[in-house]
Amino acid sequence: MSQGAASQISSGSGKQGVGASLRRNEDARFLDGKGEYLADLQVPGMAEAVFLRSPVAHGKIRSITVPEAARGQVFFASDIAFTKPIVAVSAAKGFKPSNYPALTSDKARFVGDLLAICIAPTRAEAEDIAQSCVVDFEELPAIWDIDVALKPDAPRVHDSWSDNVYIETRIATGDLDEVRARADITVRKSLRMGRHAGVSMEGRGVLAHYDRRLDELVVYSSTQFPHVIRTILAESLGISESKLRVVAPDVGGGFGPKNNFNPEELAIAALSMKLNRPLRWIEDRREHLIASPHAREHRYELTAYADKDGRILGLEAEVVVDAGAYSVWPWTASMEAGMSAGIMTGPYDIPVYHARAVSVATNKSPLGPYRGVGRSGACFAIETLVDAVARAVDREPADVRILNMVPPEAMPYKSATHKLYDSGNYPECAKRARDAVGLSGIRIRQSRPEPDGRLIGFGMASYTEQSAHGTAEWVARGLPVVFGYEPALARFTPDGKLILFVGIQNHGQGLETTLAQVASQELGIAVKDVIVRHGDSSLSPYGMGTFASRSMTMSGGAVSAACVILAEKITRIGAHLLQAPKESVRLADGKVYFGEQSVSFAEIGQAAYLHPERLPVGEEPALEASAVYQPGRSTGAFSYATHACVLAVDPGTGHVEVLDYVVCHDCGTMVNPMIVEGQVVGGVAQGLGTALYEEIPYDENGQPLASTFLDYMIPGATEVPDVRVLHMETPSPHTRFGIKGMGEGGAIAPPAAVINAINDALKPLGAEVSQTPATPDRVLRAIIAAKEARP
Ligand code: MCN
């Protein structure tokens, strides 16, 4: 089997392999209610845990009083003093790490900070105990906003720090002064992207118990990366990894907030060890909204220098991110601002780029990764700026967009931030999205008043999605772990079925099917005969988990490589059993064929495991192979897309209705186009949440103002339009089959496309919105402000 590119993929198992739109193997489990999530697990003698969380944003803890009746059921930092605090250190110069303890004992740093664990036979009883505890605080002024945090005399979130800044980094490519002098126009923009939560269907959760027979601590966690959790948890508990098993059972969505080592994991594991008792904590929705790692909250100050045609000659950007009270492990508090500044130029050929990225500490829930990390903000910034440039030169934004894009003949292209865009045709993608919504028809429609008085708007947004980053990229970011590889073990059973053991963690992406498709491609085995096992540190090889749109490329690459080794062995054994030269046999339909004669994988499995005397001389028994996929020195495989949105704004209420939404995207070779489409649509739904609905504002006391689904809006069936998805397929030259990752892409562009469309609609009124979510209130305020500004 060759390691060739996409042109050779049809040589596999045809309808079952790479490129087939198969229904998911795992659907039977998930749709029939056979999934097993944390809340389904039962361990004899297990107690339920509820965290006593801080009700104040910033305050020294004077005392916590536990009522007599609850004595022995409430535990504090001193009870698990053997644990080490979580310290996410970045190697970046000047980075200030924070000590994130399992339970805090000196002061609370955000509403939701962990103070104690209350345990009882049921959750309701444990909640009653938590409510009966009385905490006496010396309240401190809350640092509830970036501006408050950056005042020189602001109180410090972390007392020993000289200011409230985790890190400030700079990028300087090209001569900005020269560009300033040459530019015909200068366009500035100030933007804000709101803070929100991940809102997976299943919240976070942890169950810990001691397996006396194996003499090991077993920790179930609803996590995206069980192996990595084992490493940091063992270190934090002060035990050997060989005495710790971490299992991610079925995980009901992750989207990033389950991709951190959270203090809840450490606290529950530590207390279970200390009490020698099974313990479980399940996050409720209120906890999730106020205290899970949050998403976004960016501010941008941007300046574009352009010529009179709208060609952008240089870009200046300031990205300031409210990173909350602690630096999350392993990503650190620098991730959002750093990634946003690092990918800001997006699909555009902007040679001169200067940026300043600042991550600020405040008394809010720590900021963590969320689908589209950093890139959603970067796309929002550059794409609304491109529209502003188009307005300044009085051109159609779609034309200015295409004018500035990296042309296909420039690929591979090195961006101003040293990212290597591997392949693609960005202008063609933008044109297809534009044409699919029928831009000229929209412009005609806009020239006439709508019967209902609403205003029609059209907006586009394009981006590049860095996926499947390799070692060099993570090293450059200075993270505590370098996520640059992925392993797979492929093992046949004696009856000819295949089990893949992988280090990624499928939590809705369809990986149990798409990895089977890769195996099918290499071996000619039916997808239904392939089982994918993952999520258990004692079962599968050490892998990095599922995030950063990496699993299809990395784990798919590893599965492919392991299956190639197996295919060679099966070919040798099959040819021997058929008494044929091995060059003359082929694998298909779970058999080795020599002309019309065949021998099944089951017969080969029998020979390999039960009848070694039937094997060729010198052939080792057993039928398994392992491989590790490690991308080369590239900065990843770059998917890309253009989103185009048509919407209607009610100028009387500020209400926005999305009427049409088109995504034209390219993620290289698609393993399963149907799953890819589902991923795009799911991402768009989340992106519309960022754009229009989801927000956790904080008041001046540092109190989160959205803590239930009554005051936190998520888009539902009535808010998400019928998203139309157009596919392009430009293989990556760097990856097996030419696959690029795409799991985050859908969520990246909607804030930019929607805000551009709203501003297009509001153009006749001279109004502009520059903040997400664009709630009716914000849209209305923009309209009123424009009215008041008119002479
Ligand atoms: N795929 C494909 N062909 C490609 C690329 C992808 O067929 N060329 C399909 C595969 O089935 C793959 C899926 O699309 O499983 C996503 O692939 P990939 O881009 O490799 O992303 P990961 O599998 O690493 O998933 C992570 C990504 C991220 S970072 C977030 S956040 C996210 C997302 O996936 N969280 C999700 N999609 C999610 N979908 C669900 N249902 N739940 C989440 O929590």
# chains A, B, ... in the order shown; residues from 1 in each chain; ligands from 1
>>> residues_around(residues="region 157-170 of chain A", least_positions_apart="5", cutoff="7 Å", atoms="only C-alpha atoms", output="ChimeraX atom specification")
/A:94-96,109,149-150,325,333-334,355-363
>>> residues_around(residues="Glu619 (chain A)", least_positions_apart="3", cutoff="10 Å", atoms="only C-alpha atoms", output="PyMOL selection string")
chain A and resi 569+572-573+608+612-616+622
>>> closest_residue(among="A:Val592, A:Cys118, A:Met742, A:Leu539", to="ligand 1", atoms="only C-alpha atoms and all ligand atoms")
A:Met742
>>> select_by_dssp(residues="region 106-140 of chain A", states="helix (DSSP H, G or I)", output="list of chain:residue names")
A:Arg123, A:Ala124, A:Glu125, A:Ala126, A:Glu127, A:Asp128, A:Ile129, A:Ala130, A:Gln131, A:Ser132
>>> write_last_selection(atoms="N, CA and C atoms", output="CSV table (one decimal), in the first residue's frame")
chain,number,residue,atom,x,y,z
A,123,ARG,N,-27.0,13.7,45.8
A,123,ARG,CA,-26.6,15.1,45.5
A,123,ARG,C,-27.5,16.1,46.2
A,124,ALA,N,-28.8,15.9,46.4
A,124,ALA,CA,-29.7,16.8,47.0
A,124,ALA,C,-29.2,17.1,48.4
A,125,GLU,N,-28.8,16.0,49.1
A,125,GLU,CA,-28.3,16.2,50.5
A,125,GLU,C,-27.0,16.9,50.5
A,126,ALA,N,-26.2,16.6,49.6
A,126,ALA,CA,-24.9,17.3,49.5
A,126,ALA,C,-25.1,18.8,49.2
A,127,GLU,N,-26.1,19.1,48.4
A,127,GLU,CA,-26.4,20.5,48.1
A,127,GLU,C,-26.9,21.2,49.4
A,128,ASP,N,-27.7,20.5,50.1
A,128,ASP,CA,-28.3,21.1,51.4
A,128,ASP,C,-27.1,21.5,52.3
A,129,ILE,N,-26.1,20.6,52.4
A,129,ILE,CA,-25.0,20.8,53.3
A,129,ILE,C,-24.2,22.0,52.8
A,130,ALA,N,-24.0,22.1,51.5
A,130,ALA,CA,-23.2,23.3,51.0
A,130,ALA,C,-24.0,24.6,51.3
A,131,GLN,N,-25.3,24.5,51.2
A,131,GLN,CA,-26.1,25.8,51.5
A,131,GLN,C,-26.0,26.1,53.0
A,132,SER,N,-25.8,25.1,53.8
A,132,SER,CA,-25.9,25.4,55.3
A,132,SER,C,-24.5,25.9,55.8
>>> residues_near_ligand(ligand="ligand 1", cutoff="8 Å", atoms="only C-alpha atoms and all ligand atoms", output="number ranges by chain")
A: 19, 200, 252-256, 369-372, 467-468, 504, 506-515, 545-554, 667-676, 679, 682-683, 738-744
>>> write_last_selection(atoms="C-alpha atoms", output="PDB file, in the first residue's frame")
ATOM      1  CA  GLY A  19     -14.569   9.643   0.841  1.00  0.00           C
ATOM      2  CA  SER A 200     -21.994  21.067  25.968  1.00  0.00           C
ATOM      3  CA  GLY A 252     -21.675  14.365  25.719  1.00  0.00           C
ATOM      4  CA  GLY A 253     -19.837  17.082  23.855  1.00  0.00           C
ATOM      5  CA  GLY A 254     -16.706  18.911  24.881  1.00  0.00           C
ATOM      6  CA  PHE A 255     -16.078  21.934  22.647  1.00  0.00           C
ATOM      7  CA  GLY A 256     -12.968  22.925  24.640  1.00  0.00           C
ATOM      8  CA  PRO A 369     -10.259  26.858  24.791  1.00  0.00           C
ATOM      9  CA  TYR A 370     -13.590  26.851  22.954  1.00  0.00           C
ATOM     10  CA  ARG A 371     -14.321  25.698  19.388  1.00  0.00           C
ATOM     11  CA  GLY A 372     -12.403  28.051  17.111  1.00  0.00           C
ATOM     12  CA  SER A 467      -5.396  22.285  12.118  1.00  0.00           C
ATOM     13  CA  ALA A 468      -3.360  19.286  13.194  1.00  0.00           C
ATOM     14  CA  ILE A 504      -7.863  10.418  20.742  1.00  0.00           C
ATOM     15  CA  ASN A 506     -14.377  10.722  20.309  1.00  0.00           C
ATOM     16  CA  HIS A 507     -17.061  12.913  21.830  1.00  0.00           C
ATOM     17  CA  GLY A 508     -19.415  13.526  18.931  1.00  0.00           C
ATOM     18  CA  GLN A 509     -17.095  13.921  15.938  1.00  0.00           C
ATOM     19  CA  GLY A 510     -17.883  10.513  14.400  1.00  0.00           C
ATOM     20  CA  LEU A 511     -14.318   9.274  14.830  1.00  0.00           C
ATOM     21  CA  GLU A 512     -15.386   5.699  15.571  1.00  0.00           C
ATOM     22  CA  THR A 513     -16.645   5.645  11.987  1.00  0.00           C
ATOM     23  CA  THR A 514     -14.081   7.747  10.177  1.00  0.00           C
ATOM     24  CA  LEU A 515     -11.098   5.923  11.689  1.00  0.00           C
ATOM     25  CA  GLY A 545      -6.778  13.568  22.813  1.00  0.00           C
ATOM     26  CA  THR A 546      -9.288  15.351  20.644  1.00  0.00           C
ATOM     27  CA  PHE A 547      -9.019  19.111  20.194  1.00  0.00           C
ATOM     28  CA  ALA A 548      -7.480  21.623  17.781  1.00  0.00           C
ATOM     29  CA  SER A 549      -9.078  19.812  14.831  1.00  0.00           C
ATOM     30  CA  ARG A 550      -6.330  17.233  14.973  1.00  0.00           C
ATOM     31  CA  SER A 551      -7.869  13.782  15.350  1.00  0.00           C
ATOM     32  CA  MET A 552      -8.793  12.991  11.755  1.00  0.00           C
ATOM     33  CA  THR A 553      -5.385  13.973  10.449  1.00  0.00           C
ATOM     34  CA  MET A 554      -3.222  12.705  13.314  1.00  0.00           C
ATOM     35  CA  CYS A 667     -10.705  20.644   4.373  1.00  0.00           C
ATOM     36  CA  GLY A 668      -8.612  18.776   1.867  1.00  0.00           C
ATOM     37  CA  THR A 669      -9.639  15.188   1.290  1.00  0.00           C
ATOM     38  CA  MET A 670     -12.846  14.443   3.171  1.00  0.00           C
ATOM     39  CA  VAL A 671     -12.982  11.083   4.889  1.00  0.00           C
ATOM     40  CA  ASN A 672     -16.748  11.249   5.380  1.00  0.00           C
ATOM     41  CA  PRO A 673     -18.417  14.207   3.626  1.00  0.00           C
ATOM     42  CA  MET A 674     -21.688  13.670   5.515  1.00  0.00           C
ATOM     43  CA  ILE A 675     -19.929  13.950   8.888  1.00  0.00           C
ATOM     44  CA  VAL A 676     -17.940  16.933   7.648  1.00  0.00           C
ATOM     45  CA  GLN A 679     -19.515  19.319  11.788  1.00  0.00           C
ATOM     46  CA  GLY A 682     -22.965  22.281  14.270  1.00  0.00           C
ATOM     47  CA  GLY A 683     -20.130  24.793  14.295  1.00  0.00           C
ATOM     48  CA  GLY A 738      -4.304  14.952   1.980  1.00  0.00           C
ATOM     49  CA  ILE A 739      -6.689  15.296   4.946  1.00  0.00           C
ATOM     50  CA  LYS A 740      -6.989  18.636   6.748  1.00  0.00           C
ATOM     51  CA  GLY A 741      -8.822  19.135  10.038  1.00  0.00           C
ATOM     52  CA  MET A 742     -12.038  21.125  10.132  1.00  0.00           C
ATOM     53  CA  GLY A 743     -13.874  20.439  13.392  1.00  0.00           C
ATOM     54  CA  GLU A 744     -13.759  24.032  14.595  1.00  0.00           C
TER      55      GLU A 744
END
>>> closest_residue(among="A:Arg245, A:Ala516, A:Met193, A:Val725", to="Val218 (chain A)", atoms="only C-alpha atoms")
A:Arg245
>>> atom_distance(atom1="CA of Pro715 (chain A)", atom2="CA of Thr690 (chain A)")
9.4 Å
>>> closest_residue(among="A:Lys84, A:Leu140, A:His58, A:Ser415", to="Ile239 (chain A)", atoms="only C-alpha atoms")
A:Lys84
>>> residues_around(residues="region 767-781 of chain A", least_positions_apart="4", cutoff="7 Å", atoms="only C-alpha atoms", output="number ranges by chain")
A: 191-194, 653-655, 690-695, 755, 759, 762-763, 785-786
>>> residues_around(residues="Glu596 (chain A)", least_positions_apart="5", cutoff="12 Å", atoms="only C-alpha atoms", output="ChimeraX atom specification")
/A:578,584-586,588,591
>>> write_last_selection(atoms="all heavy atoms", output="short mmCIF file (atom, residue, chain, number, x, y, z; two decimals), in the first residue's frame")
data_model
loop_
_atom_site.label_atom_id
_atom_site.label_comp_id
_atom_site.auth_asym_id
_atom_site.auth_seq_id
_atom_site.Cartn_x
_atom_site.Cartn_y
_atom_site.Cartn_z
N LEU A 578 -2.76 -19.19 -0.13
CA LEU A 578 -3.29 -19.40 -1.49
C LEU A 578 -2.26 -20.00 -2.43
O LEU A 578 -2.54 -20.27 -3.60
CB LEU A 578 -3.77 -18.06 -2.08
CG LEU A 578 -5.02 -17.45 -1.46
CD1 LEU A 578 -5.16 -15.97 -1.85
CD2 LEU A 578 -6.26 -18.22 -1.89
N SER A 584 0.87 -10.93 -6.56
CA SER A 584 -0.31 -11.18 -7.41
C SER A 584 -1.61 -11.19 -6.64
O SER A 584 -2.67 -11.48 -7.20
CB SER A 584 -0.17 -12.55 -8.11
OG SER A 584 1.09 -12.67 -8.68
N VAL A 585 -1.55 -10.94 -5.33
CA VAL A 585 -2.81 -10.97 -4.57
C VAL A 585 -3.25 -9.55 -4.24
O VAL A 585 -2.47 -8.61 -4.30
CB VAL A 585 -2.66 -11.79 -3.24
CG1 VAL A 585 -2.24 -13.21 -3.53
CG2 VAL A 585 -1.70 -11.10 -2.27
N ARG A 586 -4.55 -9.43 -3.93
CA ARG A 586 -5.07 -8.11 -3.55
C ARG A 586 -6.04 -8.26 -2.39
O ARG A 586 -6.61 -9.35 -2.19
CB ARG A 586 -5.75 -7.43 -4.74
CG ARG A 586 -6.96 -8.14 -5.21
CD ARG A 586 -7.53 -7.61 -6.53
NE ARG A 586 -8.54 -8.55 -7.00
CZ ARG A 586 -9.82 -8.47 -6.67
NH1 ARG A 586 -10.26 -7.50 -5.91
NH2 ARG A 586 -10.70 -9.37 -7.10
N ALA A 588 -9.50 -7.15 -0.56
CA ALA A 588 -10.81 -6.52 -0.80
C ALA A 588 -11.87 -7.32 -0.07
O ALA A 588 -11.73 -8.54 0.10
CB ALA A 588 -11.12 -6.46 -2.29
N LYS A 591 -11.09 -10.10 2.40
CA LYS A 591 -10.45 -11.32 1.89
C LYS A 591 -9.16 -10.97 1.17
O LYS A 591 -8.98 -9.83 0.73
CB LYS A 591 -11.36 -12.03 0.89
CG LYS A 591 -12.62 -12.61 1.51
CD LYS A 591 -13.46 -13.24 0.41
CE LYS A 591 -14.79 -13.71 1.03
NZ LYS A 591 -15.84 -13.80 0.06
#
>>> closest_residue(among="A:Ala627, A:Val475, A:Ile442, A:Ile570", to="Ala757 (chain A)", atoms="only C-alpha atoms")
A:Ile442
>>> closest_residue(among="A:Ile312, A:Ala416, A:Ala69, A:Val646", to="Val723 (chain A)", atoms="only C-alpha atoms")
A:Val646
>>> select_by_dssp(residues="region 90-249 of chain A", states="strand (DSSP E)", output="MDAnalysis selection string")
chainID A and resid 107:108 114:120 134:139 165:173 185:196 205:211 216:221 244:247
